[in-house]
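Novice: Can you read through this structure? Questions will come right after.
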Amino acid sequence: MQTVPGPPPLPSRASAPICCLDLDTFFVSVERILDPSLVGKPVVVGAAPGQRGVVTACSYEVRALGVRSGMAIRDAVKLAPDAVYLPTRHGIYGPWARRVRAVLERHCPVVRTASIDEFFLDFRGCERLYARPEEQDGDAVIVRVVREMREAIQADVGLPASAGLGATRAVAKMASGRAKPAGVVQVRRGEERAFAAALPVRKYPGIGPKAEERLTRAGVATLGELLARRGSPGWLGEAAAMVAHGLDGPVPDLGDDRTAFHELDTAGDAEGSLSNERTFFADVARRDQVEAALLALVERVAWRARSRGVRARTVALKLRYADFDTLTRQHAVPATHDERTLWAAVRELLDKAWRRPKAVRLLGVQLSRLVAPGPQLSLPLPEARPAPGAALDAVRARFGYDAVRLGTVARRREA
DNA sequence: TCTGGGGTCCTAGGACCC
DNA sequence: TCTGGGGTCCTAGGACCC
C-alpha cells in the first residue's frame, strides 16, 4: 500500500490580525536621514529655544532625560540644554510617510492612514496567502510578515517603525506602544485582559487627561481596576464597558469604522475641515494687528481650500487670549472658497468676538462642512469679477505659497 | 517667557418647520 | 386658550489624537 502525501495543512486563522504600525520618533528620524550627523545625538523637533512652542518629536536620547512630546520647549531646554533643537518643517515629512505607505501596501491588502506617522492594517485572510508549507499557526505567520514589513521599511525608506498586533484596533495600538522602539508585539485573542490589566488607564486610546483625572478621583488607576467596575452605575460603568468592548469585542472592519481614519473615502461629499492658526510671538492687543494676522490666515486657508477643490459652508474664528481663555465664533455661508467672501465673514465674527481689554495670544480660521463642488456647482456661475484667487493660485502652483501675498497683507507686514 | 498646529468626534440648546 | 412631538440646522464648547 502506498501513502500519497496530501497537501500541506492550512494554517489556523490568525486571532490577532489587526496591525497598528507607527514610525518611531518620525520627524526626528526624517531629519536624521537628511542630516546623518544627527544620528546618535539628542534631537528635539519643535520650536527654537526661547520661542513659544512645544516639542513635536524627540529622540530616545532626549527622552532618557525626561523630555516628552507636547512639553513646552522651555521645559525641554531645562532638561536637555545640550540637545540639538530643530524647527518643525511642515511639508517635508509627508513624502516620507507616503513612501512608507507604499511599502505597507506591498505587504497588506488593507491599509488605512490614521495620521502622518501611524497606519492600521487588516491581515484577515492573509494567513493562507503568506504561509510557508511548514507554518501552521496563523498568528505566527502574520507576525513573521509584519517583521519582514518592518525591516523593509527600515531597508527601503530608512525609517525605524514599530508594530502591534491584536484582534481590535485598541489592542493593536497599545501593543505597538509596547513594541517601541523598532519591535513587533502580538497580543493574541484571549490574552488581552492579562496584557492590559496592569497598564495605566491613560494608555487606552480615547482616555485622555480629563478622563484620567476623573478615574483617579474614583480610585481607578489601571485598566484592570477599570474593568472590575463593569456594571457600576453611570459614567464609570460606561467607561468600563467601552474598554471591555475595545479589548475583547468583535473584530472590527477597518472600512466601517471611521474614527481615527480621517484621510480616506472623502471623495464626493467631502466633509471634514481645514484650519490654520497662529500663536503670536508676543501677545497683541491692537485691533489692526489682529486684523492683519487674520487676513493672512484667511488667505492661506482659502488657498488650501482651492488647492483641494473644496468650498466651505461654515467659517469659524478662534481667539485665544493671553490668559488662555479661548472662544470660537462661527457662521454658515453659501459654499465658498473665495477669500474676499471669507474675509468679510471673518471680520464680522471678529466684531462679534472682540473684547477690548484682553490681549490676544492666538488666532485661527477654520473652514468646515466642506463640499467638493458637484456637477451642478461647476456650471459657470457668473461672477462679477474673476476671483483674485485664481491668478494668485497659478503663481503659487509654480513658485510656492509665499511667492505672492495680498497687497494688504504685505503692506501690514512691513509696518 | 508655561501651554503648537493640524485634525476628529460628541454634546447641548435654540430656531424653525411640519 | 393652551400645548404636542419629531427632525434638522446652526452655534459654542470641549475631549482627544498625533
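Letters for chains follow the order of the C-alpha cells (A, B, ...), residue numbers begin at 1 for each chain, and ligand numbers begin at 1 in the order shown.
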Could you give me, as JSON lines, every chain A residue with an atom at most 8 Å from chain C, plus its closest atom pair and distance in Å to one decimal, counting only C-alpha atoms (C1' of nucleotides), rows ordered by chain then number?
Specialist:
```
{"residue": "A:Ser115", "atom": "CA", "partner": "C:DC18", "partner_atom": "C1'", "distance": 6.6}
{"residue": "A:Ile116", "atom": "CA", "partner": "C:DC18", "partner_atom": "C1'", "distance": 7.8}
{"residue": "A:Asp117", "atom": "CA", "partner": "C:DC18", "partner_atom": "C1'", "distance": 7.9}
{"residue": "A:Gly206", "atom": "CA", "partner": "C:DC16", "partner_atom": "C1'", "distance": 6.2}
{"residue": "A:Ile207", "atom": "CA", "partner": "C:DC16", "partner_atom": "C1'", "distance": 7.6}
{"residue": "A:Gly208", "atom": "CA", "partner": "C:DC16", "partner_atom": "C1'", "distance": 6.2}
{"residue": "A:Lys210", "atom": "CA", "partner": "C:DA15", "partner_atom": "C1'", "distance": 7.5}
{"residue": "A:Thr328", "atom": "CA", "partner": "C:DA12", "partner_atom": "C1'", "distance": 6.9}
{"residue": "A:Arg329", "atom": "CA", "partner": "C:DA12", "partner_atom": "C1'", "distance": 7.3}
{"residue": "A:Gln330", "atom": "CA", "partner": "C:DT11", "partner_atom": "C1'", "distance": 6.8}
{"residue": "A:His331", "atom": "CA", "partner": "C:DT11", "partner_atom": "C1'", "distance": 7.8}
{"residue": "A:Ala332", "atom": "CA", "partner": "C:DC10", "partner_atom": "C1'", "distance": 7.5}
```
Novice: Next, write the just-selected residues to a file, as an mmCIF file, in the first residue's frame, keeping C-alpha atoms as the atom set.
Specialist:
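So the final result, stored in selection.cif, reads:
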```cif
data_model
loop_
_atom_site.group_PDB
_atom_site.id
_atom_site.type_symbol
_atom_site.label_atom_id
_atom_site.label_comp_id
_atom_site.auth_asym_id
_atom_site.auth_seq_id
_atom_site.Cartn_x
_atom_site.Cartn_y
_atom_site.Cartn_z
ATOM 1 C CA SER A 115 -2.087 60.103 10.930
ATOM 2 C CA ILE A 116 1.184 61.122 9.378
ATOM 3 C CA ASP A 117 3.118 58.508 11.331
ATOM 4 C CA GLY A 206 -9.546 57.666 23.961
ATOM 5 C CA ILE A 207 -8.746 58.124 27.622
ATOM 6 C CA GLY A 208 -7.043 61.491 27.860
ATOM 7 C CA LYS A 210 -9.609 64.666 31.731
ATOM 8 C CA THR A 328 -14.893 80.434 18.849
ATOM 9 C CA ARG A 329 -17.486 82.141 16.687
ATOM 10 C CA GLN A 330 -18.830 80.584 13.543
ATOM 11 C CA HIS A 331 -21.150 81.440 10.747
ATOM 12 C CA ALA A 332 -22.848 79.469 7.979
#
```
Novice: Mind listing the strand (DSSP E or B) residues of segment 188-385 of chain A, per DSSP on the backbone, as a ChimeraX atom specification?
Specialist: /A:200,222,273-284,311-321,326-336,360-371
Novice: Find the residues around Leu21 of chain A up to 9 Å (only C-alpha atoms (C1' of nucleotides) counted), leave out those fewer than 5 positions away in its own chain, and share them as a list in words.
Specialist: Asp117, Glu118, Phe119, Phe120, Leu121, Arg150, Ala161, Ser162, Ala163, Gly164, Leu165, Ala172, Lys173 and Ser176 of chain A
Novice: So that I can check the surroundings of segment 88-105 of chain A, please list as a PyMOL selection string every protein, DNA and RNA residue that reaches within 6 Å of it, counting only C-alpha atoms (C1' of nucleotides) and ignoring chain neighbours fewer than 3 positions away.
Specialist: chain A and resi 45-46+108
Novice: Could you tell me how far atom CA of Pro252 of chain A lies from atom CA of Thr168 of chain A, in Å and to one decimal?
Specialist: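 Calculated distance between atom CA of Pro252 of chain A and atom CA of Thr168 of chain A is 6.3 Å.
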Novice: If I take atom CA of Met242 of chain A and atom CA of Gly272 of chain A, how far is one from the other in Å, to one decimal?
Specialist: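 Distance reported for this atom pair: 25.5 Å.
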